[in-house]
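Chemist: Quick one: structure below, then a few questions.
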Amino acid sequence: MSKFVDVSNTKKSSIWRYFWESKASSEAQCQLCQRILKATGGSTKGLMDHLKLKHYDIYNQIQIQKASEPVTKRQRMDEIFKPKIKMDIQERISRFCAQDLISFSTLCNSKQIHEFFSKLGFNGPKAHKTVRKYVLEESQKVKNEVIEKLKKLKEDGKRFGHSRQQDCL
Ligand SMILES: [Zn+2]
């Protein structure tokens with residue numbers, strides 16, 4: 001079963017007010033009609049198409065909002081950048097584990113690491129569970145990126161009329 005969560009606070013695009021995301025399955029659930037859609041790598045294109053087709057008034061609203069975005073950006077720099085920093089921290093923690101082989105418990109218990117995070121305005125991970133979650137989410141993200149790249153290569157292959165080889169992807 002896919003677990004859908006509200007990600008409107010962590011995503012830049014206001015479209016996430018209307019969709020909940022399941023990172024594990026790269027899906028999004030429309031909160032207006034409960035329909036489940038593909039959202040590979042957090043892509044919003046399919047979601048936009050869905051709004052346009054099924055909930056045109058909402059789609060229209062988002063378009064109007066987008067047009068007035070520069071003003072909002074200036075007012076809420078902080079809100080926009082904070083989620084991004086948070087994502088970077090999550091990625092960094094995962095790399096500590098996966099590449100530098102720092103153990104979960106070191107990450108949870110090291111005073112240095114916690115001081116470093118608190119300087120950036122964030123709490124370091126306190127439980128193994130949290131670190132584990134980060135690592136899993138990051139590996140899923142990397143996987144999605146690779147899938148997207150392969151898809152793109154495949155599309156390019158089609159466009160240039162390559163034969164057979166494309167079936168391998
Ligand atoms: Zn819908």
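Residue numbering restarts at 1 for every chain of the structure tokens, chains are lettered A, B, ... in their displayed order, and ligands are numbered from 1 as they appear.
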What are the closest atom pairs, with distances in Å to one decimal, for each residue of chain A lying within 9 Å of ligand 1, using only C-alpha atoms and all ligand atoms, rows by chain and rising residue number, as a Markdown table?
Modeler:
```
| residue | atom | partner | partner_atom_place_in_ligand_line | distance |
| --- | --- | --- | --- | --- |
| A:Tyr18 | CA | ligand 1 | 1 (Zn) | 8.3 |
| A:Phe19 | CA | ligand 1 | 1 (Zn) | 8.5 |
| A:Gln29 | CA | ligand 1 | 1 (Zn) | 7.9 |
| A:Cys30 | CA | ligand 1 | 1 (Zn) | 4.6 |
| A:Gln31 | CA | ligand 1 | 1 (Zn) | 6.5 |
| A:Leu32 | CA | ligand 1 | 1 (Zn) | 4.8 |
| A:Cys33 | CA | ligand 1 | 1 (Zn) | 4.1 |
| A:Gln34 | CA | ligand 1 | 1 (Zn) | 6.2 |
| A:Arg35 | CA | ligand 1 | 1 (Zn) | 5.7 |
| A:Ile36 | CA | ligand 1 | 1 (Zn) | 8.4 |
| A:Leu47 | CA | ligand 1 | 1 (Zn) | 8.6 |
| A:His50 | CA | ligand 1 | 1 (Zn) | 6.4 |
| A:Leu51 | CA | ligand 1 | 1 (Zn) | 6.4 |
| A:Leu53 | CA | ligand 1 | 1 (Zn) | 8.8 |
| A:Lys54 | CA | ligand 1 | 1 (Zn) | 6.0 |
| A:His55 | CA | ligand 1 | 1 (Zn) | 6.5 |
```
Chemist: Deliver the residues from the most recent selection as a file, using N, CA and C atoms, as a compact mmCIF listing (two decimals), in the first residue's frame.
Modeler:
```txt
# COMPACT_ATOMS: atom_id res chain seq x y z
N TYR A 18 -2.78 20.42 -3.60
CA TYR A 18 -3.91 19.61 -4.07
C TYR A 18 -3.57 18.13 -4.24
N PHE A 19 -2.30 17.82 -4.04
CA PHE A 19 -1.88 16.42 -4.15
C PHE A 19 -1.06 16.01 -2.94
N GLN A 29 -1.57 11.56 -4.94
CA GLN A 29 -3.01 11.36 -4.87
C GLN A 29 -3.72 12.70 -4.88
N CYS A 30 -4.62 12.87 -5.84
CA CYS A 30 -5.40 14.10 -5.94
C CYS A 30 -6.32 14.19 -4.73
N GLN A 31 -6.25 15.31 -4.02
CA GLN A 31 -7.07 15.48 -2.82
C GLN A 31 -8.49 15.95 -3.16
N LEU A 32 -8.71 16.19 -4.44
CA LEU A 32 -10.04 16.63 -4.87
C LEU A 32 -10.91 15.45 -5.29
N CYS A 33 -10.28 14.46 -5.91
CA CYS A 33 -11.06 13.31 -6.35
C CYS A 33 -10.45 11.97 -5.94
N GLN A 34 -9.35 12.02 -5.14
CA GLN A 34 -8.70 10.81 -4.58
C GLN A 34 -8.04 9.93 -5.63
N ARG A 35 -7.96 10.41 -6.85
CA ARG A 35 -7.34 9.61 -7.89
C ARG A 35 -5.82 9.56 -7.69
N ILE A 36 -5.22 8.42 -8.02
CA ILE A 36 -3.77 8.25 -7.86
C ILE A 36 -3.08 8.38 -9.22
N LEU A 47 0.42 15.88 -13.03
CA LEU A 47 -0.54 16.42 -12.06
C LEU A 47 -1.21 17.66 -12.64
N HIS A 50 -3.73 16.64 -15.07
CA HIS A 50 -4.93 16.14 -14.39
C HIS A 50 -5.83 17.30 -13.94
N LEU A 51 -5.22 18.32 -13.35
CA LEU A 51 -6.00 19.49 -12.90
C LEU A 51 -6.69 20.16 -14.09
N LEU A 53 -7.59 18.90 -16.82
CA LEU A 53 -8.64 18.06 -17.39
C LEU A 53 -9.86 17.93 -16.47
N LYS A 54 -9.57 17.74 -15.15
CA LYS A 54 -10.65 17.38 -14.22
C LYS A 54 -11.09 18.53 -13.31
N HIS A 55 -10.17 19.42 -13.01
CA HIS A 55 -10.50 20.49 -12.05
C HIS A 55 -10.03 21.82 -12.62
```
Chemist: Identify, on the basis of only C-alpha atoms, every residue whose closest approach to A:Val142 does not exceed 12 Å; exclude the query and any residue fewer than 4 positions from it along the same chain; express the result as a list in words.
Modeler: Lys23, Thr40, Gly41, Gly42, Glu91, Ser94, Arg95, Val135, Leu136, Glu137, Glu138, Val146, Ile147, Glu148 and Lys149 of chain A
Chemist: Could the residues in this selection be written to a file with N, CA and C atoms, as a PDB file, in the first residue's frame?
Modeler:
```
ATOM      1  N   LYS A  23       6.404   9.045  -1.784  1.00  0.00           N
ATOM      2  CA  LYS A  23       7.750   8.980  -2.363  1.00  0.00           C
ATOM      3  C   LYS A  23       8.118   7.559  -2.737  1.00  0.00           C
ATOM      4  N   THR A  40       6.708  10.568 -11.163  1.00  0.00           N
ATOM      5  CA  THR A  40       8.080  10.069 -11.101  1.00  0.00           C
ATOM      6  C   THR A  40       9.071  11.211 -10.859  1.00  0.00           C
ATOM      7  N   GLY A  41       9.915  10.999  -9.850  1.00  0.00           N
ATOM      8  CA  GLY A  41      10.930  12.000  -9.527  1.00  0.00           C
ATOM      9  C   GLY A  41      10.331  13.324  -9.091  1.00  0.00           C
ATOM     10  N   GLY A  42       9.115  13.267  -8.547  1.00  0.00           N
ATOM     11  CA  GLY A  42       8.466  14.491  -8.083  1.00  0.00           C
ATOM     12  C   GLY A  42       7.988  15.389  -9.210  1.00  0.00           C
ATOM     13  N   GLU A  91      20.159  14.956   2.357  1.00  0.00           N
ATOM     14  CA  GLU A  91      21.058  14.315   1.399  1.00  0.00           C
ATOM     15  C   GLU A  91      22.444  14.130   2.032  1.00  0.00           C
ATOM     16  N   SER A  94      22.571  11.300   4.474  1.00  0.00           N
ATOM     17  CA  SER A  94      22.594  10.019   3.790  1.00  0.00           C
ATOM     18  C   SER A  94      23.978   9.708   3.264  1.00  0.00           C
ATOM     19  N   ARG A  95      24.649  10.761   2.767  1.00  0.00           N
ATOM     20  CA  ARG A  95      25.996  10.535   2.236  1.00  0.00           C
ATOM     21  C   ARG A  95      26.983  10.185   3.339  1.00  0.00           C
ATOM     22  N   VAL A 135      18.151   7.900   4.506  1.00  0.00           N
ATOM     23  CA  VAL A 135      18.954   7.108   3.578  1.00  0.00           C
ATOM     24  C   VAL A 135      18.053   6.433   2.541  1.00  0.00           C
ATOM     25  N   LEU A 136      16.941   5.882   3.012  1.00  0.00           N
ATOM     26  CA  LEU A 136      16.024   5.199   2.103  1.00  0.00           C
ATOM     27  C   LEU A 136      15.439   6.181   1.088  1.00  0.00           C
ATOM     28  N   GLU A 137      15.036   7.350   1.588  1.00  0.00           N
ATOM     29  CA  GLU A 137      14.437   8.333   0.692  1.00  0.00           C
ATOM     30  C   GLU A 137      15.438   8.826  -0.341  1.00  0.00           C
ATOM     31  N   GLU A 138      16.667   9.036   0.111  1.00  0.00           N
ATOM     32  CA  GLU A 138      17.688   9.507  -0.826  1.00  0.00           C
ATOM     33  C   GLU A 138      17.998   8.455  -1.886  1.00  0.00           C
ATOM     34  N   VAL A 146      17.939   8.175 -12.027  1.00  0.00           N
ATOM     35  CA  VAL A 146      18.500   7.276 -13.036  1.00  0.00           C
ATOM     36  C   VAL A 146      17.409   6.820 -14.003  1.00  0.00           C
ATOM     37  N   ILE A 147      16.250   6.491 -13.448  1.00  0.00           N
ATOM     38  CA  ILE A 147      15.139   6.056 -14.292  1.00  0.00           C
ATOM     39  C   ILE A 147      14.764   7.157 -15.278  1.00  0.00           C
ATOM     40  N   GLU A 148      14.693   8.395 -14.760  1.00  0.00           N
ATOM     41  CA  GLU A 148      14.354   9.527 -15.629  1.00  0.00           C
ATOM     42  C   GLU A 148      15.373   9.680 -16.748  1.00  0.00           C
ATOM     43  N   LYS A 149      16.652   9.548 -16.395  1.00  0.00           N
ATOM     44  CA  LYS A 149      17.713   9.693 -17.393  1.00  0.00           C
ATOM     45  C   LYS A 149      17.578   8.625 -18.464  1.00  0.00           C
TER      46      LYS A 149
END
```
Chemist: Can you pull out the residues contacting A:Thr44? Cut-off 10 Å, using only C-alpha atoms, and skip same-chain residues under 6 positions away; I want them as a list in words.
Modeler: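 Using only C-alpha atoms, the neighbours found are Ser13, Ile15, Trp16, Phe19, Ala28, Lys38 and His50 of chain A.
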Chemist: If you count only C-alpha atoms, which residues fall within 12 Å of A:Ile93, apart from same-chain ones fewer than 3 positions away, as a tab-separated table (two decimals) with N, CA and C atoms, in the first residue's frame?
Modeler:
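Result went into selection02.tsv, see below:
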```tsv
chain	number	residue	atom	x	y	z
A	86	LYS	N	16.82	22.13	3.94
A	86	LYS	CA	16.46	20.93	4.68
A	86	LYS	C	16.71	19.69	3.82
A	87	MET	N	16.34	19.77	2.55
A	87	MET	CA	16.57	18.67	1.63
A	87	MET	C	18.06	18.37	1.51
A	88	ASP	N	18.87	19.45	1.44
A	88	ASP	CA	20.32	19.25	1.32
A	88	ASP	C	20.86	18.53	2.53
A	89	ILE	N	20.34	18.90	3.70
A	89	ILE	CA	20.81	18.27	4.93
A	89	ILE	C	20.49	16.79	4.93
A	90	GLN	N	19.27	16.49	4.49
A	90	GLN	CA	18.87	15.09	4.39
A	90	GLN	C	19.82	14.32	3.47
A	96	PHE	N	26.83	10.82	4.51
A	96	PHE	CA	27.67	10.46	5.65
A	96	PHE	C	27.60	8.95	5.86
A	97	CYS	N	26.40	8.42	5.79
A	97	CYS	CA	26.20	6.99	6.04
A	97	CYS	C	26.71	6.15	4.89
A	98	ALA	N	26.24	6.49	3.68
A	98	ALA	CA	26.49	5.60	2.54
A	98	ALA	C	27.90	5.71	2.01
A	99	GLN	N	28.47	6.92	2.01
A	99	GLN	CA	29.79	7.08	1.41
A	99	GLN	C	30.91	7.10	2.44
A	100	ASP	N	30.68	7.78	3.57
A	100	ASP	CA	31.74	7.88	4.56
A	100	ASP	C	31.63	6.81	5.63
A	101	LEU	N	30.57	6.01	5.52
A	101	LEU	CA	30.35	4.88	6.43
A	101	LEU	C	30.33	5.29	7.91
A	102	ILE	N	29.76	6.45	8.16
A	102	ILE	CA	29.54	6.86	9.55
A	102	ILE	C	28.26	6.17	10.02
A	103	SER	N	28.32	5.58	11.21
A	103	SER	CA	27.18	4.76	11.62
A	103	SER	C	25.98	5.62	12.02
A	104	PHE	N	24.83	5.00	11.98
A	104	PHE	CA	23.60	5.68	12.39
A	104	PHE	C	23.75	6.26	13.79
A	106	THR	N	26.44	7.11	15.46
A	106	THR	CA	27.34	8.28	15.52
A	106	THR	C	26.59	9.53	15.09
A	107	LEU	N	25.85	9.40	14.00
A	107	LEU	CA	25.10	10.55	13.50
A	107	LEU	C	24.07	11.04	14.52
A	108	CYS	N	23.49	10.09	15.23
A	108	CYS	CA	22.46	10.46	16.22
A	108	CYS	C	23.08	11.05	17.47
A	113	ILE	N	28.16	16.97	15.30
A	113	ILE	CA	27.22	16.95	14.18
A	113	ILE	C	25.96	17.73	14.54
A	114	HIS	N	25.50	17.56	15.77
A	114	HIS	CA	24.29	18.26	16.18
A	114	HIS	C	24.50	19.77	16.26
A	116	PHE	N	26.61	21.42	14.46
A	116	PHE	CA	26.70	21.86	13.07
A	116	PHE	C	25.30	22.09	12.48
A	117	PHE	N	24.42	21.14	12.71
A	117	PHE	CA	23.07	21.28	12.17
A	117	PHE	C	22.33	22.45	12.83
A	124	GLY	N	19.58	18.08	14.28
A	124	GLY	CA	20.19	16.88	13.71
A	124	GLY	C	19.33	15.69	14.02
A	125	PRO	N	19.59	14.57	13.36
A	125	PRO	CA	18.77	13.38	13.61
A	125	PRO	C	19.03	12.86	15.02
A	128	HIS	N	17.79	6.54	15.23
A	128	HIS	CA	18.24	5.69	14.11
A	128	HIS	C	17.21	5.70	13.00
A	130	THR	N	15.16	7.91	12.05
A	130	THR	CA	15.18	9.09	11.19
A	130	THR	C	16.28	8.98	10.14
A	131	VAL	N	17.48	8.59	10.59
A	131	VAL	CA	18.60	8.48	9.67
A	131	VAL	C	18.28	7.44	8.61
A	132	ARG	N	17.70	6.35	9.05
A	132	ARG	CA	17.36	5.27	8.13
A	132	ARG	C	16.38	5.76	7.07
A	133	LYS	N	15.41	6.53	7.53
A	133	LYS	CA	14.40	7.09	6.63
A	133	LYS	C	15.07	7.98	5.57
A	134	TYR	N	15.98	8.84	6.03
A	134	TYR	CA	16.70	9.72	5.11
A	134	TYR	C	17.43	8.92	4.04
A	135	VAL	N	18.15	7.90	4.51
A	135	VAL	CA	18.95	7.11	3.58
A	135	VAL	C	18.05	6.43	2.54
A	136	LEU	N	16.94	5.88	3.01
A	136	LEU	CA	16.02	5.20	2.10
A	136	LEU	C	15.44	6.18	1.09
A	137	GLU	N	15.04	7.35	1.59
A	137	GLU	CA	14.44	8.33	0.69
A	137	GLU	C	15.44	8.83	-0.34
A	138	GLU	N	16.67	9.04	0.11
A	138	GLU	CA	17.69	9.51	-0.83
A	138	GLU	C	18.00	8.46	-1.89
A	139	SER	N	18.07	7.21	-1.46
A	139	SER	CA	18.40	6.17	-2.44
A	139	SER	C	17.27	6.06	-3.46
```
Chemist: Could you tell me, as an NGL selection string, which residues of chain A DSSP assigns to strand (DSSP E or B) when given the backbone?
Modeler: :A and (5-6 or 19-22 or 27-30 or 36-38)
Chemist: How many Å separate atom CA of A:Gly46 from atom CA of A:Trp20?
Modeler: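 Separating atom CA of A:Gly46 from atom CA of A:Trp20 is a distance of 13.7 Å.
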Chemist: Just the number, please: distance in Å from atom CA of A:Ser2 to atom CA of A:Ala24, one decimal.
Modeler: 7.2 Å
Chemist: Rounded to one decimal, what separation in Å do you get between atom CA of A:Thr10 and atom CA of A:Ala39?
Modeler: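 Distance between the two atoms: 15.7 Å.
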